[in-house]
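J.: Shown below is the structure under consideration.
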Amino acid sequence: MMEDADEEPPLAVEINGLVDVSASQPSDQSHQRSEDVEASSVGVTVITGYLGAGKSTLVNYILNSQHGKRIAVILNEFGEEIGVERAMINEGEGGALVEEWVELANGCICCNVKHSLVQALEQLVQRKERLDHILLETTGLANPAPLASVLWLDDQLESAVKLDSIITVVDAKNLRYQLQRHNDSSSFPEAFLQIAFADVVILNKVDQISSEDLGGVLDELEKDIYNINSLAKIIRSVRCQVDLSKILNCQAYDASHVTHLEALLKENKSLTTRDLHDSSVRTLCICEPCQVDLDKVRLWLEEILWDKKYSMDVYRCKGVLSISNSDELHTLQAVREIYEIVPARKWRKEEIQMNKIVFIGQSLNEGILIDSFKACTLATC
């Protein structure tokens, strides 16, 4: 499948040359700008999806909307064959890192990147004009996890930019077929991984479903998405025309913005999807009322994420923790092997202090996760 024929890049005017990031500046101005960057990082939204689902349509919609924000777009031309991690770590190799910067009529900026994402982002945030947000459209990448890992906790970038969310665009007409391919394959199709890592799923092209079947078909598609990732927010759209407030500034990875994680404590419906085979990509939620030892939790996580001790492949992990000898609610987030546990705020008097962790991945074993996590609790509980 190809992108829609009418998905043309927005009219743009080339900027004369790149910003010289090495140009000397007065030390006081340089120091002040460094403090400003640390005080207010720029959010990065990763946009992924099948070819033809509407990624370019979404980017064009954002670029051409009169939202009053200064948004930069990086068109990522990484290919699987060059190795994403290597491409992002080996900065400076292979010649020019940024092909061109273009400025659009509404004040947004667009660039093409061939090699180093890190350096491209550094150049963006060092521009004179303050950016409100950065969009990263992936091309040729089935799995957004390596990008998410670099953007989330990379030492070079964390003071300047922050991962805001991962948005996956799916084609309502073809999603069922793309997911069905798993039944005839030993590997998981791209659609599974892209949905599993998503914070927001845009169910696009709903107008291409016949009107008499529209409601039932879309409900079934949302169930398919929910079975893979029950934490993702699903938005139906035609030509990716969505409320930008629902996809920008989501703060999905911001430890200080715990609203989305606190919702886990109040979740009434089960977050665990049970109607899939154990080997499928799915969501699984475990709960434990007793307080846990933080060091034991770290070791437990590292055995699962790093050592693959129980032969489970965890893509995403989110949770809230009740830690012994602490009156603070701790949040847990993980993307593949990288995880973070941080105190977020004090527990409120009316709250039931408990541990609740959601896993998204393949071959998840509920019994093993519950029993092994219980070993992290205090002996007196």
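For the structure tokens, the naming scheme is as follows: chains receive sequential letters (A, B, ...) according to their order of presentation, residues are indexed from 1 within each chain, and ligands are indexed from 1 in presentation order.
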Within 10 Å of segment 348-359 of chain A, counting only C-alpha atoms, which residues show up once you throw out same-chain ones fewer than 6 positions away? Write them as a ChimeraX atom specification, please.
T.: /A:229-231,261-262,264-266,271-272,282-292,313-323,327-334,366,369,373
J.: Show me, as an mmCIF file with all heavy atoms, in the first residue's frame, the residues that have an atom within 12 Å of Gln208 of chain A when counting only C-alpha atoms, minus same-chain residues fewer than 4 positions from it.
T.:
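Listed below is the output, out-v4.cif:
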data_model
loop_
_atom_site.group_PDB
_atom_site.id
_atom_site.type_symbol
_atom_site.label_atom_id
_atom_site.label_comp_id
_atom_site.auth_asym_id
_atom_site.auth_seq_id
_atom_site.Cartn_x
_atom_site.Cartn_y
_atom_site.Cartn_z
ATOM 1 N N ASP A 171 -4.998 2.268 9.838
ATOM 2 C CA ASP A 171 -5.967 2.358 8.753
ATOM 3 C C ASP A 171 -7.172 1.490 9.108
ATOM 4 O O ASP A 171 -7.058 0.265 9.185
ATOM 5 C CB ASP A 171 -5.289 1.874 7.464
ATOM 6 C CG ASP A 171 -6.197 1.915 6.247
ATOM 7 O OD1 ASP A 171 -7.417 2.063 6.416
ATOM 8 O OD2 ASP A 171 -5.675 1.787 5.128
ATOM 9 N N ALA A 172 -8.320 2.106 9.337
ATOM 10 C CA ALA A 172 -9.511 1.369 9.764
ATOM 11 C C ALA A 172 -9.909 0.283 8.767
ATOM 12 O O ALA A 172 -10.393 -0.783 9.151
ATOM 13 C CB ALA A 172 -10.676 2.338 9.978
ATOM 14 N N LYS A 173 -9.674 0.524 7.503
ATOM 15 C CA LYS A 173 -10.102 -0.429 6.472
ATOM 16 C C LYS A 173 -9.187 -1.643 6.409
ATOM 17 O O LYS A 173 -9.624 -2.755 6.099
ATOM 18 C CB LYS A 173 -10.144 0.262 5.112
ATOM 19 C CG LYS A 173 -10.787 -0.583 4.012
ATOM 20 C CD LYS A 173 -10.929 0.215 2.735
ATOM 21 C CE LYS A 173 -11.626 -0.613 1.662
ATOM 22 N NZ LYS A 173 -11.768 0.159 0.405
ATOM 23 N N ASN A 174 -7.897 -1.466 6.722
ATOM 24 C CA ASN A 174 -6.925 -2.547 6.544
ATOM 25 C C ASN A 174 -6.342 -3.097 7.838
ATOM 26 O O ASN A 174 -5.562 -4.041 7.803
ATOM 27 C CB ASN A 174 -5.773 -2.057 5.653
ATOM 28 C CG ASN A 174 -6.220 -1.789 4.232
ATOM 29 O OD1 ASN A 174 -6.615 -2.697 3.509
ATOM 30 N ND2 ASN A 174 -6.167 -0.529 3.824
ATOM 31 N N LEU A 203 -7.415 5.940 14.919
ATOM 32 C CA LEU A 203 -8.103 5.024 14.006
ATOM 33 C C LEU A 203 -8.593 5.851 12.824
ATOM 34 O O LEU A 203 -9.667 6.445 12.863
ATOM 35 C CB LEU A 203 -9.256 4.329 14.738
ATOM 36 C CG LEU A 203 -10.004 3.214 14.011
ATOM 37 C CD1 LEU A 203 -9.054 2.111 13.553
ATOM 38 C CD2 LEU A 203 -11.092 2.638 14.904
ATOM 39 N N ASN A 204 -7.780 5.890 11.793
ATOM 40 C CA ASN A 204 -7.992 6.802 10.668
ATOM 41 C C ASN A 204 -8.799 6.141 9.546
ATOM 42 O O ASN A 204 -8.943 4.923 9.498
ATOM 43 C CB ASN A 204 -6.623 7.269 10.140
ATOM 44 C CG ASN A 204 -6.738 8.424 9.175
ATOM 45 O OD1 ASN A 204 -7.604 9.285 9.332
ATOM 46 N ND2 ASN A 204 -5.884 8.452 8.172
ATOM 47 N N GLU A 212 -23.462 1.053 6.607
ATOM 48 C CA GLU A 212 -24.333 0.091 7.311
ATOM 49 C C GLU A 212 -23.560 -0.754 8.321
ATOM 50 O O GLU A 212 -24.137 -1.286 9.275
ATOM 51 C CB GLU A 212 -25.039 -0.829 6.302
ATOM 52 C CG GLU A 212 -24.119 -1.642 5.406
ATOM 53 C CD GLU A 212 -23.833 -0.929 4.092
ATOM 54 O OE1 GLU A 212 -23.979 0.298 4.045
ATOM 55 O OE2 GLU A 212 -23.474 -1.612 3.119
ATOM 56 N N ASP A 213 -22.232 -0.886 8.136
ATOM 57 C CA ASP A 213 -21.423 -1.681 9.054
ATOM 58 C C ASP A 213 -20.586 -0.825 9.995
ATOM 59 O O ASP A 213 -19.850 -1.354 10.828
ATOM 60 C CB ASP A 213 -20.459 -2.595 8.261
ATOM 61 C CG ASP A 213 -21.198 -3.555 7.344
ATOM 62 O OD1 ASP A 213 -22.317 -3.935 7.705
ATOM 63 O OD2 ASP A 213 -20.636 -3.910 6.292
ATOM 64 N N LEU A 214 -20.687 0.512 9.871
ATOM 65 C CA LEU A 214 -19.740 1.416 10.512
ATOM 66 C C LEU A 214 -19.605 1.181 12.009
ATOM 67 O O LEU A 214 -18.501 0.953 12.524
ATOM 68 C CB LEU A 214 -20.139 2.874 10.234
ATOM 69 C CG LEU A 214 -19.186 3.938 10.759
ATOM 70 C CD1 LEU A 214 -17.817 3.765 10.118
ATOM 71 C CD2 LEU A 214 -19.729 5.331 10.482
ATOM 72 N N VAL A 217 -18.233 -2.465 13.032
ATOM 73 C CA VAL A 217 -16.855 -2.691 12.592
ATOM 74 C C VAL A 217 -15.878 -1.887 13.438
ATOM 75 O O VAL A 217 -14.849 -2.401 13.882
ATOM 76 C CB VAL A 217 -16.701 -2.329 11.096
ATOM 77 C CG1 VAL A 217 -15.221 -2.321 10.702
ATOM 78 C CG2 VAL A 217 -17.465 -3.319 10.231
ATOM 79 N N LEU A 218 -16.183 -0.615 13.670
ATOM 80 C CA LEU A 218 -15.284 0.231 14.452
ATOM 81 C C LEU A 218 -15.193 -0.241 15.898
ATOM 82 O O LEU A 218 -14.116 -0.200 16.504
ATOM 83 C CB LEU A 218 -15.738 1.691 14.392
ATOM 84 C CG LEU A 218 -15.628 2.368 13.016
ATOM 85 C CD1 LEU A 218 -16.086 3.814 13.093
ATOM 86 C CD2 LEU A 218 -14.207 2.292 12.485
ATOM 87 N N SER A 237 -10.902 9.045 13.356
ATOM 88 C CA SER A 237 -10.676 10.234 12.543
ATOM 89 C C SER A 237 -10.935 9.972 11.062
ATOM 90 O O SER A 237 -10.921 8.831 10.600
ATOM 91 C CB SER A 237 -9.237 10.743 12.721
ATOM 92 O OG SER A 237 -8.321 9.915 12.027
ATOM 93 N N VAL A 238 -11.157 11.059 10.356
ATOM 94 C CA VAL A 238 -11.199 11.086 8.893
ATOM 95 C C VAL A 238 -10.071 11.999 8.451
ATOM 96 O O VAL A 238 -9.994 13.154 8.880
ATOM 97 C CB VAL A 238 -12.556 11.609 8.379
ATOM 98 C CG1 VAL A 238 -12.531 11.741 6.855
ATOM 99 C CG2 VAL A 238 -13.689 10.695 8.820
ATOM 100 N N ARG A 239 -9.159 11.482 7.642
ATOM 101 C CA ARG A 239 -7.985 12.221 7.183
ATOM 102 C C ARG A 239 -7.213 12.844 8.352
ATOM 103 O O ARG A 239 -6.660 13.936 8.245
ATOM 104 C CB ARG A 239 -8.376 13.297 6.153
ATOM 105 C CG ARG A 239 -8.901 12.721 4.843
ATOM 106 C CD ARG A 239 -8.891 13.747 3.725
ATOM 107 N NE ARG A 239 -7.556 14.284 3.475
ATOM 108 C CZ ARG A 239 -6.581 13.642 2.823
ATOM 109 N NH1 ARG A 239 -6.797 12.413 2.364
ATOM 110 N NH2 ARG A 239 -5.414 14.220 2.636
#
J.: One decimal, Å: what's the distance from atom CA of Ser41 of chain A over to atom CA of Asp199 of chain A, could you say?
T.: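 For atom CA of Ser41 of chain A relative to atom CA of Asp199 of chain A, the distance reads 19.6 Å.
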J.: So how many Å separate atom CA of Ser165 of chain A and atom CA of Ile134 of chain A, to one decimal?
T.: 10.9 Å
